[in-house]
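With mmCIF, C-alpha atoms and all ligand atoms inside, this is query36.cif:
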data_target
#
loop_
_atom_site.label_atom_id
_atom_site.label_comp_id
_atom_site.auth_asym_id
_atom_site.auth_seq_id
_atom_site.Cartn_x
_atom_site.Cartn_y
_atom_site.Cartn_z
CA MET A 204 19.54 -5.19 -1.21
CA PHE A 205 16.65 -7.60 -0.79
CA ASN A 206 16.03 -11.24 -1.41
CA GLN A 207 14.81 -11.99 -4.95
CA GLU A 208 13.38 -15.39 -3.99
CA SER A 209 11.10 -13.66 -1.46
CA TYR A 210 9.87 -11.32 -4.19
CA LEU A 211 8.97 -14.27 -6.42
CA LYS A 212 7.24 -16.09 -3.59
CA ALA A 213 5.11 -13.07 -2.70
CA ILE A 214 4.16 -12.03 -6.25
CA ASN A 215 3.27 -15.60 -7.22
CA PHE A 216 1.14 -15.97 -4.08
CA ALA A 217 -0.60 -12.63 -4.76
CA ALA A 218 -1.21 -13.52 -8.43
CA LEU A 219 -2.83 -16.79 -7.42
CA TYR A 220 -5.31 -15.02 -5.11
CA HIS A 221 -6.01 -11.84 -7.07
CA LYS A 222 -6.59 -13.99 -10.20
CA ASP A 223 -8.28 -11.81 -12.86
CA GLN A 224 -8.99 -8.83 -10.58
CA GLN A 225 -8.54 -5.51 -12.34
CA THR A 226 -7.72 -1.94 -11.28
CA PRO A 227 -10.47 0.72 -11.61
CA LYS A 228 -8.92 1.52 -15.00
CA GLY A 229 -9.22 -2.06 -16.23
CA LEU A 230 -5.57 -3.08 -15.93
CA SER A 231 -4.38 -6.34 -14.42
CA TYR A 232 -4.28 -5.91 -10.64
CA LEU A 233 -0.67 -7.09 -10.69
CA THR A 234 0.30 -3.73 -12.24
CA HIS A 235 -0.88 -2.07 -9.01
CA LEU A 236 0.96 -4.54 -6.77
CA SER A 237 4.22 -4.42 -8.73
CA SER A 238 4.09 -0.62 -8.87
CA VAL A 239 3.75 -0.41 -5.08
CA ALA A 240 6.65 -2.87 -4.76
CA MET A 241 8.68 -0.79 -7.24
CA GLU A 242 8.24 2.33 -5.06
CA VAL A 243 9.29 0.34 -1.99
CA ILE A 244 12.36 -1.08 -3.76
CA ALA A 245 13.46 2.41 -4.81
CA ALA A 246 13.04 3.56 -1.21
CA CYS A 247 14.94 0.56 0.19
CA ASN A 248 17.84 1.26 -2.17
CA SER A 249 18.08 4.92 -1.31
CA SER A 250 17.61 4.42 2.43
CA SER A 251 20.07 1.50 2.79
CA LEU A 252 17.61 -0.73 4.65
CA LYS A 253 18.95 -4.08 5.86
CA GLU A 254 18.07 -7.11 3.70
CA VAL A 255 15.64 -8.48 6.29
CA GLU A 256 13.81 -5.13 6.55
CA SER A 257 13.65 -4.76 2.77
CA THR A 258 12.25 -8.26 2.45
CA VAL A 259 9.45 -7.46 4.91
CA ALA A 260 8.66 -4.17 3.15
CA ILE A 261 8.68 -5.63 -0.38
CA SER A 262 6.74 -8.76 0.56
CA CYS A 263 4.10 -6.66 2.34
CA ALA A 264 3.91 -4.40 -0.74
CA LEU A 265 3.13 -7.35 -3.00
CA LEU A 266 0.66 -8.85 -0.51
CA HIS A 267 -0.93 -5.66 0.84
CA ASP A 268 -4.37 -6.13 -0.76
CA VAL A 269 -4.64 -9.90 -0.55
CA LEU A 270 -6.74 -9.96 2.64
CA GLU A 271 -8.91 -7.02 1.64
CA ASP A 272 -9.70 -8.08 -1.93
CA THR A 273 -9.49 -11.89 -2.09
CA ASN A 274 -10.52 -14.96 -0.09
CA CYS A 275 -7.01 -15.30 1.36
CA THR A 276 -7.05 -15.71 5.16
CA MET A 277 -4.54 -14.95 7.93
CA ASP A 278 -3.96 -18.72 8.21
CA ASN A 279 -2.97 -18.82 4.52
CA LEU A 280 -0.48 -16.01 5.17
CA PHE A 281 0.91 -17.62 8.33
CA ASP A 282 1.38 -20.89 6.43
CA ASN A 283 3.51 -19.21 3.78
CA PHE A 284 5.21 -16.15 5.28
CA SER A 285 6.83 -14.94 8.50
CA GLU A 286 4.72 -13.65 11.37
CA GLU A 287 6.06 -10.15 10.76
CA ILE A 288 4.86 -10.19 7.14
CA ALA A 289 1.47 -11.74 7.97
CA LEU A 290 0.77 -9.18 10.73
CA GLY A 291 2.07 -6.41 8.48
CA VAL A 292 -0.42 -7.34 5.76
CA GLU A 293 -3.19 -7.45 8.36
CA ALA A 294 -2.33 -3.93 9.52
CA LEU A 295 -2.39 -2.75 5.90
CA SER A 296 -5.93 -4.09 5.43
CA LYS A 297 -9.13 -2.17 6.06
CA ASP A 298 -11.60 -3.62 8.53
CA LYS A 299 -14.71 -3.66 6.35
CA THR A 300 -16.99 -4.34 9.31
CA LEU A 301 -16.46 -0.68 10.29
CA GLU A 302 -19.20 1.48 8.86
CA THR A 303 -17.61 4.48 7.20
CA LYS A 304 -14.52 4.80 5.01
CA LYS A 305 -13.23 7.39 7.45
CA GLU A 306 -13.43 4.96 10.37
CA GLN A 307 -11.77 2.27 8.25
CA MET A 308 -8.88 4.61 7.39
CA GLN A 309 -8.41 5.76 11.00
CA ASP A 310 -8.43 2.16 12.21
CA SER A 311 -5.91 1.11 9.56
CA ILE A 312 -3.58 3.99 10.49
CA ASN A 313 -3.86 3.09 14.19
CA LYS A 314 -2.89 -0.50 13.38
CA LEU A 315 -0.02 0.66 11.17
CA LEU A 316 1.37 2.87 13.91
CA THR A 317 1.90 -0.28 16.01
CA GLN A 318 4.02 -1.74 13.18
CA LYS A 319 7.67 -1.16 12.28
CA TYR A 320 8.72 1.29 9.57
CA PRO A 321 9.10 -1.32 6.77
CA VAL A 322 5.35 -2.05 7.04
CA GLN A 323 4.32 1.61 7.37
CA MET A 324 6.32 2.42 4.23
CA VAL A 325 3.97 0.28 2.16
CA LYS A 326 1.03 2.59 2.90
CA LEU A 327 3.00 5.58 1.60
CA ALA A 328 3.99 3.61 -1.52
CA ASP A 329 0.38 2.50 -2.05
CA ARG A 330 -0.87 6.10 -1.93
CA ILE A 331 1.95 7.33 -4.23
CA THR A 332 0.87 4.67 -6.74
CA ASN A 333 -2.81 5.62 -6.38
CA LEU A 334 -2.17 9.30 -7.07
CA GLN A 335 -1.92 8.79 -10.81
CA THR A 336 -4.51 10.42 -13.09
CA PRO A 337 -7.89 9.85 -11.33
CA PRO A 338 -10.49 7.62 -13.04
CA GLU A 339 -12.71 9.61 -15.43
CA GLN A 340 -15.90 8.96 -13.45
CA TRP A 341 -14.50 10.64 -10.30
CA SER A 342 -16.13 13.96 -9.34
CA LYS A 343 -14.11 17.00 -8.22
CA GLU A 344 -15.44 16.39 -4.68
CA LYS A 345 -14.16 12.84 -4.68
CA ILE A 346 -10.77 13.97 -5.98
CA ALA A 347 -10.56 16.66 -3.28
CA GLU A 348 -11.53 14.11 -0.62
CA TYR A 349 -8.86 11.71 -1.88
CA LEU A 350 -6.22 14.42 -1.67
CA LYS A 351 -7.32 15.28 1.87
CA GLU A 352 -7.09 11.62 2.87
CA SER A 353 -3.62 11.44 1.28
CA LYS A 354 -2.48 14.37 3.42
CA PHE A 355 -3.75 12.54 6.51
CA ILE A 356 -1.80 9.39 5.57
CA PHE A 357 1.28 11.53 4.91
CA SER A 358 1.06 13.31 8.26
CA CYS A 359 0.65 10.06 10.21
CA LEU A 360 3.28 7.93 8.48
CA LYS A 361 5.87 10.31 7.04
CA ASN A 362 8.52 9.32 9.60
CA SER A 363 8.64 5.76 8.29
CA ASN A 364 10.77 6.69 5.27
CA ILE A 365 12.07 10.06 4.20
CA TYR A 366 12.39 9.10 0.52
CA LEU A 367 8.77 7.93 0.21
CA ALA A 368 7.51 10.87 2.27
CA LYS A 369 9.16 13.26 -0.17
CA ARG A 370 7.79 11.35 -3.14
CA LEU A 371 4.27 11.39 -1.72
CA GLU A 372 4.54 15.11 -1.02
CA GLU A 373 5.49 15.72 -4.68
CA LYS A 374 2.68 13.48 -5.92
CA MET A 375 0.10 15.35 -3.81
CA GLU A 376 1.35 18.67 -5.15
CA ASP A 377 1.06 17.35 -8.72
CA TYR A 378 -2.42 15.90 -8.03
CA LYS A 379 -3.79 19.39 -7.38
CA GLN A 380 -4.00 19.85 -11.16
CA TYR A 381 -7.11 17.59 -11.12
CA LEU A 382 -9.01 19.74 -8.62
MN MN B 401 -3.35 -0.94 -2.82
#

Could I get this file's structure written as C-alpha cells?
Amino acid sequence: MFNQESYLKAINFAALYHKDQQTPKGLSYLTHLSSVAMEVIAACNSSSLKEVESTVAISCALLHDVLEDTNCTMDNLFDNFSEEIALGVEALSKDKTLETKKEQMQDSINKLLTQKYPVQMVKLADRITNLQTPPEQWSKEKIAEYLKESKFIFSCLKNSNIYLAKRLEEKMEDYKQYL
C-alpha cells in the first residue's frame, strides 16, 4: 500500500509545472504521468513493497519529467519533497548539456544505477508507457532505434522489479509489429 496524500501532493505539483504541456499525440501531459504512476502502483501491489518504498516510487513516477520539461529546479523539489525523491527525480532526468541522445541515455542509466530499486522502477514504467502505438510521423528507423534503446534500458534495470521487467519484455515483443 502507499500513501494517497503523497500521490495528491506529487500530481498537483507536477500539474502546476507541466501546465498545458502535451504528449507527442496531443494529449494532456498528465495522461503520461498518471499512466507511469499506474504502472508503478500495479508493480508495488504485486511486489509487496513497503509503504515508504511505494511512496518514493509513485512520487518519482509523477514527478519524473518535471526537471527535464519544465522550469522546476532541484531547490523547488527539495522544498516540497524528501531528499530521496528529489535525488530520484534528478537521476531520472536527462542531462541536456550532453551532446547526443545516446550519451544522455547512458548518463541517465549510470545515475539510476546509483539509486535504489523504487527509483529505477520508474524508468521501466516510463518505457512501458512509451511503447504504445508510435506517433504517425515516426520512420521505421526511428521505431527500430527506440526498440533497441528499450532493450538497453531493460538489460540495465530489469533487476529493480520483476513485475515491470516482465511487462516491459511483453511490450517490446508487441512493439515489433510496428517495425
Ligand atoms: Mn516520461

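Summary of the local environment: counting all atoms listed in the file, residues at most 9 Å from segment 219-229 of chain A, other than itself and those fewer than 6 positions away along its chain, are A:His235, A:Asp268, A:Val269, A:Asp272, A:Thr273, A:Asn274, A:Cys275, A:Pro338, A:Glu339.
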
Legend entry - Given only C-alpha atoms as the counted atoms, nearest of A:Leu334, A:Leu270, A:Cys247, A:Met375 to Lys354 of chain A: A:Met375

Legend entry - Test item: residues at most 12 Å from Glu373 of chain A, all atoms listed in the file, excluding those fewer than 6 positions along its chain, as an MDAnalysis selection string: chainID A and resid 330:331 334:335 353:354 357 366:367 379

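Nearest-residue note for ligand MN 401 (chain B): choosing from A:Ser231, A:Phe281, A:Ala289, A:Val325, the minimum distance belongs to A:Val325, counting all atoms listed in the file.
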
Inset, instruction - Set the cut-off to 9 Å, count all atoms listed in the file, and list whatever residues fall near ligand MN 401 (chain B) as a VMD selection string. - result: chain A and resid 235 to 236 239 264 267 to 268 295 325 to 326 328 to 330 332 to 333

Inset, instruction - Enter the distance from atom CA of Lys297 of chain A to atom CA of Glu271 of chain A, in Å, rounded to one decimal. - result: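 If I compute the distance from atom CA of Lys297 of chain A to atom CA of Glu271 of chain A, I get 6.6 Å.
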
Legend entry - Protein/DNA/RNA residues near (0.0, -14.7, 7.3), cut 10 Å, all atoms listed in the file, as a PyMOL selection string: chain A and resi 266+270+275-293

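What separates atom CA of Tyr232 of chain A from atom CA of Tyr349 of chain A is a distance of 20.2 Å.
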
Inset, instruction - Please measure the separation of atom CA of Met324 of chain A and atom CA of Lys304 of chain A, giving the value in Å to one decimal. - result: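 These atoms are spaced 21.0 Å apart.
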
Inset, instruction - Give the answer as one residue: which of A:Ile346, A:Met308, A:Leu252, A:Ala246 has the shortest atom-to-atom distance to Leu371 of chain A, using all atoms listed in the file? - result: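 Selected residue with least distance to Leu371 of chain A: A:Ala246.
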
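Distance check against Cys359 of chain A using all atoms listed in the file: of A:Ser238, A:Ser311, A:Gln380, A:Thr258, the minimum falls on A:Ser311.
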
Legend entry - Which of A:Asn215, A:Ser209, A:Ser363, A:Ser237 sits closest to Lys319 of chain A [using only C-alpha atoms]: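 Smallest separation from Lys319 of chain A among the options: A:Ser363.
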